[in-house]
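Colleague: model34.tsv is reproduced below (TSV, all heavy atoms).
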```tsv
chain	number	residue	atom	x	y	z
A	1	MET	N	55.20	60.20	-141.05
A	1	MET	CA	54.72	61.14	-140.05
A	1	MET	C	55.12	60.62	-138.67
A	1	MET	O	54.78	59.52	-138.28
A	1	MET	CB	53.21	61.26	-140.18
A	1	MET	CG	52.57	61.95	-139.02
A	1	MET	SD	50.78	62.16	-139.15
A	1	MET	CE	50.19	60.56	-139.62
A	2	ALA	N	55.83	61.41	-137.94
A	2	ALA	CA	56.24	61.03	-136.59
A	2	ALA	C	55.40	61.81	-135.58
A	2	ALA	O	55.31	63.03	-135.66
A	2	ALA	CB	57.72	61.32	-136.38
A	3	ALA	N	54.77	61.10	-134.66
A	3	ALA	CA	53.97	61.74	-133.63
A	3	ALA	C	54.87	62.13	-132.47
A	3	ALA	O	55.62	61.32	-131.96
A	3	ALA	CB	52.87	60.81	-133.16
A	4	GLU	N	54.79	63.39	-132.10
A	4	GLU	CA	55.56	63.89	-130.96
A	4	GLU	C	54.60	64.16	-129.82
A	4	GLU	O	53.44	64.47	-130.03
A	4	GLU	CB	56.28	65.17	-131.35
A	4	GLU	CG	57.31	64.99	-132.46
A	4	GLU	CD	57.95	66.31	-132.86
A	4	GLU	OE1	57.88	67.26	-132.07
A	4	GLU	OE2	58.51	66.36	-133.95
A	5	ARG	N	55.11	64.06	-128.61
A	5	ARG	CA	54.28	64.32	-127.42
A	5	ARG	C	53.72	65.74	-127.50
A	5	ARG	O	54.44	66.68	-127.74
A	5	ARG	CB	55.10	64.14	-126.16
A	5	ARG	CG	54.30	64.26	-124.91
A	5	ARG	CD	55.08	63.67	-123.75
A	5	ARG	NE	54.38	63.75	-122.51
A	5	ARG	CZ	53.41	62.95	-122.13
A	5	ARG	NH1	53.00	62.00	-122.94
A	5	ARG	NH2	52.82	63.08	-120.96
A	6	GLY	N	52.43	65.87	-127.31
A	6	GLY	CA	51.78	67.16	-127.34
A	6	GLY	C	51.35	67.62	-128.72
A	6	GLY	O	50.76	68.67	-128.86
A	7	GLN	N	51.63	66.83	-129.75
A	7	GLN	CA	51.25	67.19	-131.10
A	7	GLN	C	49.75	67.01	-131.28
A	7	GLN	O	49.16	66.05	-130.80
A	7	GLN	CB	51.98	66.31	-132.11
A	7	GLN	CG	51.63	66.61	-133.55
A	7	GLN	CD	52.35	65.69	-134.52
A	7	GLN	OE1	53.10	64.84	-134.13
A	7	GLN	NE2	52.08	65.88	-135.79
A	8	ILE	N	49.13	67.95	-131.96
A	8	ILE	CA	47.70	67.86	-132.25
A	8	ILE	C	47.54	67.19	-133.60
A	8	ILE	O	48.17	67.59	-134.58
A	8	ILE	CB	47.05	69.25	-132.25
A	8	ILE	CG1	47.16	69.86	-130.86
A	8	ILE	CG2	45.60	69.15	-132.71
A	8	ILE	CD1	46.70	71.29	-130.79
A	9	MET	N	46.70	66.15	-133.64
A	9	MET	CA	46.46	65.42	-134.88
A	9	MET	C	44.97	65.43	-135.17
A	9	MET	O	44.15	65.40	-134.27
A	9	MET	CB	46.94	63.97	-134.74
A	9	MET	CG	48.42	63.84	-134.43
A	9	MET	SD	48.93	62.14	-134.15
A	9	MET	CE	49.05	61.56	-135.82
A	10	THR	N	44.64	65.44	-136.46
A	10	THR	CA	43.23	65.33	-136.85
A	10	THR	C	42.83	63.86	-136.75
A	10	THR	O	43.68	62.97	-136.65
A	10	THR	CB	43.02	65.81	-138.30
A	10	THR	OG1	43.73	64.94	-139.18
A	10	THR	CG2	43.49	67.24	-138.49
A	11	MET	N	41.53	63.62	-136.83
A	11	MET	CA	41.05	62.24	-136.78
A	11	MET	C	41.58	61.46	-137.98
A	11	MET	O	41.94	60.29	-137.85
A	11	MET	CB	39.53	62.20	-136.74
A	11	MET	CG	38.95	62.76	-135.45
A	11	MET	SD	39.47	61.86	-134.00
A	11	MET	CE	38.11	60.74	-133.80
A	12	ASP	N	41.66	62.10	-139.14
A	12	ASP	CA	42.20	61.43	-140.33
A	12	ASP	C	43.66	61.03	-140.11
A	12	ASP	O	44.05	59.91	-140.42
A	12	ASP	CB	42.11	62.33	-141.56
A	12	ASP	CG	40.68	62.54	-142.04
A	12	ASP	OD1	39.86	61.62	-141.85
A	12	ASP	OD2	40.41	63.61	-142.60
A	13	GLU	N	44.45	61.96	-139.61
A	13	GLU	CA	45.88	61.69	-139.37
A	13	GLU	C	46.06	60.60	-138.32
A	13	GLU	O	46.89	59.71	-138.48
A	13	GLU	CB	46.60	62.96	-138.89
A	13	GLU	CG	46.69	64.03	-139.94
A	13	GLU	CD	47.16	65.36	-139.39
A	13	GLU	OE1	47.04	65.60	-138.17
A	13	GLU	OE2	47.65	66.17	-140.19
A	14	LEU	N	45.27	60.66	-137.25
A	14	LEU	CA	45.39	59.68	-136.18
A	14	LEU	C	44.96	58.29	-136.64
A	14	LEU	O	45.61	57.30	-136.32
A	14	LEU	CB	44.57	60.12	-134.97
A	14	LEU	CG	44.73	59.30	-133.71
A	14	LEU	CD1	46.19	59.23	-133.27
A	14	LEU	CD2	43.86	59.84	-132.60
A	15	ALA	N	43.90	58.21	-137.41
A	15	ALA	CA	43.44	56.92	-137.95
A	15	ALA	C	44.52	56.30	-138.82
A	15	ALA	O	44.80	55.09	-138.73
A	15	ALA	CB	42.15	57.09	-138.73
A	16	GLU	N	45.16	57.12	-139.65
A	16	GLU	CA	46.25	56.62	-140.50
A	16	GLU	C	47.44	56.18	-139.65
A	16	GLU	O	48.03	55.13	-139.89
A	16	GLU	CB	46.68	57.70	-141.48
A	16	GLU	CG	47.74	57.26	-142.45
A	16	GLU	CD	48.12	58.35	-143.43
A	16	GLU	OE1	47.26	59.14	-143.81
A	16	GLU	OE2	49.31	58.38	-143.81
A	17	TYR	N	47.79	56.98	-138.65
A	17	TYR	CA	48.93	56.68	-137.78
A	17	TYR	C	48.71	55.37	-137.01
A	17	TYR	O	49.61	54.55	-136.90
A	17	TYR	CB	49.14	57.84	-136.80
A	17	TYR	CG	50.27	57.64	-135.83
A	17	TYR	CD1	51.60	57.76	-136.24
A	17	TYR	CD2	50.01	57.33	-134.51
A	17	TYR	CE1	52.63	57.57	-135.34
A	17	TYR	CE2	51.04	57.13	-133.61
A	17	TYR	CZ	52.36	57.26	-134.03
A	17	TYR	OH	53.37	57.07	-133.14
A	18	LEU	N	47.49	55.19	-136.50
A	18	LEU	CA	47.17	53.98	-135.71
A	18	LEU	C	46.77	52.80	-136.59
A	18	LEU	O	46.61	51.68	-136.10
A	18	LEU	CB	46.03	54.28	-134.73
A	18	LEU	CG	46.34	55.30	-133.65
A	18	LEU	CD1	45.09	55.61	-132.84
A	18	LEU	CD2	47.47	54.82	-132.75
A	19	LYS	N	46.57	53.06	-137.88
A	19	LYS	CA	46.17	52.03	-138.84
A	19	LYS	C	44.83	51.39	-138.46
A	19	LYS	O	44.68	50.17	-138.45
A	19	LYS	CB	47.26	50.98	-139.01
A	19	LYS	CG	48.52	51.53	-139.62
A	19	LYS	CD	49.58	50.47	-139.76
A	19	LYS	CE	50.82	50.93	-140.45
A	19	LYS	NZ	51.46	52.13	-140.05
A	20	ILE	N	43.87	52.25	-138.11
A	20	ILE	CA	42.50	51.81	-137.81
A	20	ILE	C	41.55	52.72	-138.60
A	20	ILE	O	41.94	53.79	-139.06
A	20	ILE	CB	42.17	51.86	-136.30
A	20	ILE	CG1	42.31	53.28	-135.75
A	20	ILE	CG2	43.03	50.88	-135.53
A	20	ILE	CD1	41.87	53.42	-134.30
A	21	SER	N	40.31	52.29	-138.73
A	21	SER	CA	39.34	53.09	-139.47
A	21	SER	C	38.90	54.30	-138.63
A	21	SER	O	39.00	54.29	-137.40
A	21	SER	CB	38.11	52.26	-139.84
A	21	SER	OG	37.38	51.94	-138.68
A	22	LYS	N	38.41	55.33	-139.32
A	22	LYS	CA	37.93	56.50	-138.61
A	22	LYS	C	36.73	56.16	-137.74
A	22	LYS	O	36.58	56.71	-136.66
A	22	LYS	CB	37.57	57.62	-139.59
A	22	LYS	CG	38.78	58.34	-140.09
A	22	LYS	CD	38.51	59.65	-140.83
A	22	LYS	CE	37.17	59.88	-141.38
A	22	LYS	NZ	37.02	61.13	-142.10
A	23	SER	N	35.87	55.24	-138.20
A	23	SER	CA	34.70	54.89	-137.41
A	23	SER	C	35.12	54.23	-136.09
A	23	SER	O	34.54	54.51	-135.04
A	23	SER	CB	33.76	53.98	-138.19
A	23	SER	OG	34.40	52.78	-138.56
A	24	THR	N	36.15	53.39	-136.13
A	24	THR	CA	36.67	52.78	-134.90
A	24	THR	C	37.26	53.85	-134.00
A	24	THR	O	37.06	53.84	-132.78
A	24	THR	CB	37.75	51.73	-135.23
A	24	THR	OG1	37.16	50.71	-136.04
A	24	THR	CG2	38.32	51.11	-133.97
A	25	LEU	N	37.96	54.80	-134.59
A	25	LEU	CA	38.57	55.88	-133.81
A	25	LEU	C	37.50	56.72	-133.12
A	25	LEU	O	37.63	57.05	-131.94
A	25	LEU	CB	39.42	56.73	-134.74
A	25	LEU	CG	40.28	57.80	-134.09
A	25	LEU	CD1	41.20	57.21	-133.03
A	25	LEU	CD2	41.09	58.52	-135.15
A	26	TYR	N	36.43	57.06	-133.84
A	26	TYR	CA	35.33	57.82	-133.23
A	26	TYR	C	34.68	57.02	-132.10
A	26	TYR	O	34.33	57.57	-131.06
A	26	TYR	CB	34.28	58.21	-134.27
A	26	TYR	CG	34.65	59.45	-135.04
A	26	TYR	CD1	35.05	59.38	-136.36
A	26	TYR	CD2	34.59	60.70	-134.45
A	26	TYR	CE1	35.39	60.51	-137.08
A	26	TYR	CE2	34.92	61.85	-135.14
A	26	TYR	CZ	35.32	61.75	-136.46
A	26	TYR	OH	35.66	62.88	-137.15
A	27	LYS	N	34.53	55.71	-132.28
A	27	LYS	CA	33.95	54.87	-131.24
A	27	LYS	C	34.83	54.89	-129.99
A	27	LYS	O	34.33	55.03	-128.87
A	27	LYS	CB	33.80	53.43	-131.75
A	27	LYS	CG	33.22	52.49	-130.75
A	27	LYS	CD	33.12	51.08	-131.30
A	27	LYS	CE	32.69	50.13	-130.22
A	27	LYS	NZ	32.79	48.74	-130.63
A	28	LEU	N	36.15	54.75	-130.16
A	28	LEU	CA	37.07	54.79	-129.03
A	28	LEU	C	37.02	56.15	-128.32
A	28	LEU	O	37.07	56.22	-127.09
A	28	LEU	CB	38.49	54.49	-129.49
A	28	LEU	CG	38.76	53.09	-130.00
A	28	LEU	CD1	40.15	52.99	-130.61
A	28	LEU	CD2	38.59	52.06	-128.90
A	29	ALA	N	36.90	57.22	-129.09
A	29	ALA	CA	36.81	58.56	-128.50
A	29	ALA	C	35.51	58.72	-127.71
A	29	ALA	O	35.51	59.28	-126.61
A	29	ALA	CB	36.92	59.61	-129.59
A	30	ASP	N	34.41	58.22	-128.26
A	30	ASP	CA	33.12	58.30	-127.56
A	30	ASP	C	33.14	57.52	-126.25
A	30	ASP	O	32.48	57.90	-125.28
A	30	ASP	CB	31.99	57.76	-128.44
A	30	ASP	CG	31.59	58.73	-129.53
A	30	ASP	OD1	31.91	59.93	-129.41
A	30	ASP	OD2	30.97	58.28	-130.51
A	31	GLU	N	33.91	56.43	-126.22
A	31	GLU	CA	34.01	55.60	-125.00
A	31	GLU	C	35.10	56.09	-124.05
A	31	GLU	O	35.37	55.45	-123.05
A	31	GLU	CB	34.32	54.15	-125.41
A	31	GLU	CG	33.21	53.50	-126.20
A	31	GLU	CD	33.61	52.15	-126.77
A	31	GLU	OE1	34.79	51.77	-126.68
A	31	GLU	OE2	32.71	51.47	-127.30
A	32	ASN	N	35.71	57.24	-124.37
A	32	ASN	CA	36.80	57.82	-123.56
A	32	ASN	C	37.97	56.86	-123.38
A	32	ASN	O	38.64	56.88	-122.35
A	32	ASN	CB	36.28	58.30	-122.20
A	32	ASN	CG	35.34	59.46	-122.32
A	32	ASN	OD1	35.55	60.35	-123.14
A	32	ASN	ND2	34.28	59.44	-121.55
A	33	ARG	N	38.23	56.04	-124.37
A	33	ARG	CA	39.35	55.09	-124.32
A	33	ARG	C	40.62	55.69	-124.89
A	33	ARG	O	41.70	55.11	-124.74
A	33	ARG	CB	38.98	53.81	-125.05
A	33	ARG	CG	37.84	53.07	-124.32
A	33	ARG	CD	37.47	51.78	-124.96
A	33	ARG	NE	38.61	50.86	-124.91
A	33	ARG	CZ	38.68	49.76	-125.63
A	33	ARG	NH1	37.70	49.44	-126.45
A	33	ARG	NH2	39.73	48.98	-125.56
A	34	ILE	N	40.49	56.84	-125.56
A	34	ILE	CA	41.66	57.58	-126.04
A	34	ILE	C	41.47	59.04	-125.62
A	34	ILE	O	40.34	59.54	-125.57
A	34	ILE	CB	41.84	57.47	-127.58
A	34	ILE	CG1	40.61	57.97	-128.31
A	34	ILE	CG2	42.19	56.08	-127.99
A	34	ILE	CD1	40.80	58.13	-129.80
A	35	PRO	N	42.56	59.73	-125.31
A	35	PRO	CA	42.42	61.14	-124.92
A	35	PRO	C	42.14	62.01	-126.14
A	35	PRO	O	42.54	61.70	-127.25
A	35	PRO	CB	43.80	61.46	-124.33
A	35	PRO	CG	44.73	60.53	-125.00
A	35	PRO	CD	43.93	59.27	-125.25
A	36	GLY	N	41.43	63.09	-125.91
A	36	GLY	CA	41.16	63.99	-127.01
A	36	GLY	C	40.40	65.22	-126.54
A	36	GLY	O	39.86	65.25	-125.44
A	37	THR	N	40.37	66.21	-127.40
A	37	THR	CA	39.65	67.45	-127.14
A	37	THR	C	38.83	67.76	-128.35
A	37	THR	O	39.30	67.67	-129.49
A	37	THR	CB	40.64	68.60	-126.87
A	37	THR	OG1	41.42	68.27	-125.74
A	37	THR	CG2	39.91	69.89	-126.60
A	38	ARG	N	37.60	68.15	-128.13
A	38	ARG	CA	36.71	68.49	-129.23
A	38	ARG	C	36.98	69.93	-129.67
A	38	ARG	O	37.04	70.83	-128.84
A	38	ARG	CB	35.26	68.36	-128.77
A	38	ARG	CG	34.25	68.60	-129.86
A	38	ARG	CD	32.89	68.34	-129.34
A	38	ARG	NE	32.83	66.91	-129.03
A	38	ARG	CZ	31.77	66.16	-129.17
A	38	ARG	NH1	30.65	66.68	-129.58
A	38	ARG	NH2	31.81	64.89	-128.87
A	39	ILE	N	37.14	70.10	-130.95
A	39	ILE	CA	37.30	71.43	-131.54
A	39	ILE	C	36.20	71.59	-132.56
A	39	ILE	O	36.14	70.83	-133.53
A	39	ILE	CB	38.69	71.60	-132.19
A	39	ILE	CG1	39.79	71.41	-131.15
A	39	ILE	CG2	38.80	72.95	-132.87
A	39	ILE	CD1	41.18	71.41	-131.72
A	40	GLY	N	35.33	72.53	-132.35
A	40	GLY	CA	34.19	72.70	-133.25
A	40	GLY	C	33.12	71.68	-132.94
A	40	GLY	O	32.88	71.35	-131.78
A	41	LYS	N	32.48	71.16	-133.96
A	41	LYS	CA	31.39	70.21	-133.77
A	41	LYS	C	31.87	68.80	-133.45
A	41	LYS	O	31.15	68.01	-132.91
A	41	LYS	CB	30.50	70.16	-135.01
A	41	LYS	CG	29.74	71.44	-135.23
A	41	LYS	CD	28.82	71.31	-136.41
A	41	LYS	CE	28.03	72.59	-136.59
A	41	LYS	NZ	27.10	72.48	-137.70
A	42	ARG	N	33.13	68.46	-133.85
A	42	ARG	CA	33.61	67.11	-133.63
A	42	ARG	C	34.79	67.13	-132.76
A	42	ARG	O	35.80	67.14	-132.71
A	42	ARG	CB	33.89	66.42	-134.96
A	42	ARG	CG	32.62	66.21	-135.71
A	42	ARG	CD	32.86	65.38	-136.91
A	42	ARG	NE	31.58	64.88	-137.39
A	42	ARG	CZ	31.45	63.89	-138.20
A	42	ARG	NH1	32.50	63.27	-138.65
A	42	ARG	NH2	30.28	63.50	-138.59
```
Show me the file's structure as structure tokens.
Modeller:
Amino acid sequence: MAAERGQIMTMDELAEYLKISKSTLYKLADENRIPGTRIGKR
């Protein structure tokens, strides 16, 4: 999977791409350390 600028990725896809756990990814998102947009409840 190649990430392109402006591509929308799910948390599952991003966690796999960055090789980190989803819980770490959610923590980084909560701390505004990674850019993101909430769609729906998450």
Colleague: If we count all atoms listed in the file and set the cut-off at 4.5 Å, which residues sit around Lys22 of chain A, ignoring sequence neighbours fewer than 5 positions away in its own chain? Please answer as a PDB file with all heavy atoms, keeping the file's coordinate frame.
Modeller:
```
ATOM      1  N   MET A  11      41.530  63.620-136.830  1.00  0.00           N
ATOM      2  CA  MET A  11      41.050  62.240-136.780  1.00  0.00           C
ATOM      3  C   MET A  11      41.580  61.460-137.980  1.00  0.00           C
ATOM      4  O   MET A  11      41.940  60.290-137.850  1.00  0.00           O
ATOM      5  CB  MET A  11      39.530  62.200-136.740  1.00  0.00           C
ATOM      6  CG  MET A  11      38.950  62.760-135.450  1.00  0.00           C
ATOM      7  SD  MET A  11      39.470  61.860-134.000  1.00  0.00           S
ATOM      8  CE  MET A  11      38.110  60.740-133.800  1.00  0.00           C
ATOM      9  N   ASP A  12      41.660  62.100-139.140  1.00  0.00           N
ATOM     10  CA  ASP A  12      42.200  61.430-140.330  1.00  0.00           C
ATOM     11  C   ASP A  12      43.660  61.030-140.110  1.00  0.00           C
ATOM     12  O   ASP A  12      44.050  59.910-140.420  1.00  0.00           O
ATOM     13  CB  ASP A  12      42.110  62.330-141.560  1.00  0.00           C
ATOM     14  CG  ASP A  12      40.680  62.540-142.040  1.00  0.00           C
ATOM     15  OD1 ASP A  12      39.860  61.620-141.850  1.00  0.00           O
ATOM     16  OD2 ASP A  12      40.410  63.610-142.600  1.00  0.00           O
ATOM     17  N   ALA A  15      43.900  58.210-137.410  1.00  0.00           N
ATOM     18  CA  ALA A  15      43.440  56.920-137.950  1.00  0.00           C
ATOM     19  C   ALA A  15      44.520  56.300-138.820  1.00  0.00           C
ATOM     20  O   ALA A  15      44.800  55.090-138.730  1.00  0.00           O
ATOM     21  CB  ALA A  15      42.150  57.090-138.730  1.00  0.00           C
TER      22      ALA A  15
END
```
Colleague: Residues of chain A in alpha helix (DSSP H) according to DSSP, as a list in words?
Modeller: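 Output for chain A, alpha helix (DSSP H) only: Met11, Asp12, Glu13, Leu14, Ala15, Glu16, Tyr17, Leu18, Lys22, Ser23, Thr24, Leu25, Tyr26, Lys27, Leu28, Ala29 and Asp30 of chain A.
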Colleague: Which distance in Å separates atom CG of Leu18 of chain A and atom CB of Ile34 of chain A, to one decimal?
Modeller: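 For atom CG of Leu18 of chain A relative to atom CB of Ile34 of chain A, the distance reads 7.9 Å.
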Colleague: What is the atom O of Thr24 of chain A-atom CA of Thr10 of chain A distance in Å, reported with one decimal?
Modeller: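 These atoms are spaced 13.7 Å apart.
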Colleague: Calculate how many Å separate atom CA of Lys19 of chain A from atom CG of Lys41 of chain A, rounding to one decimal.
Modeller: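 Interatomic distance here is 25.7 Å.
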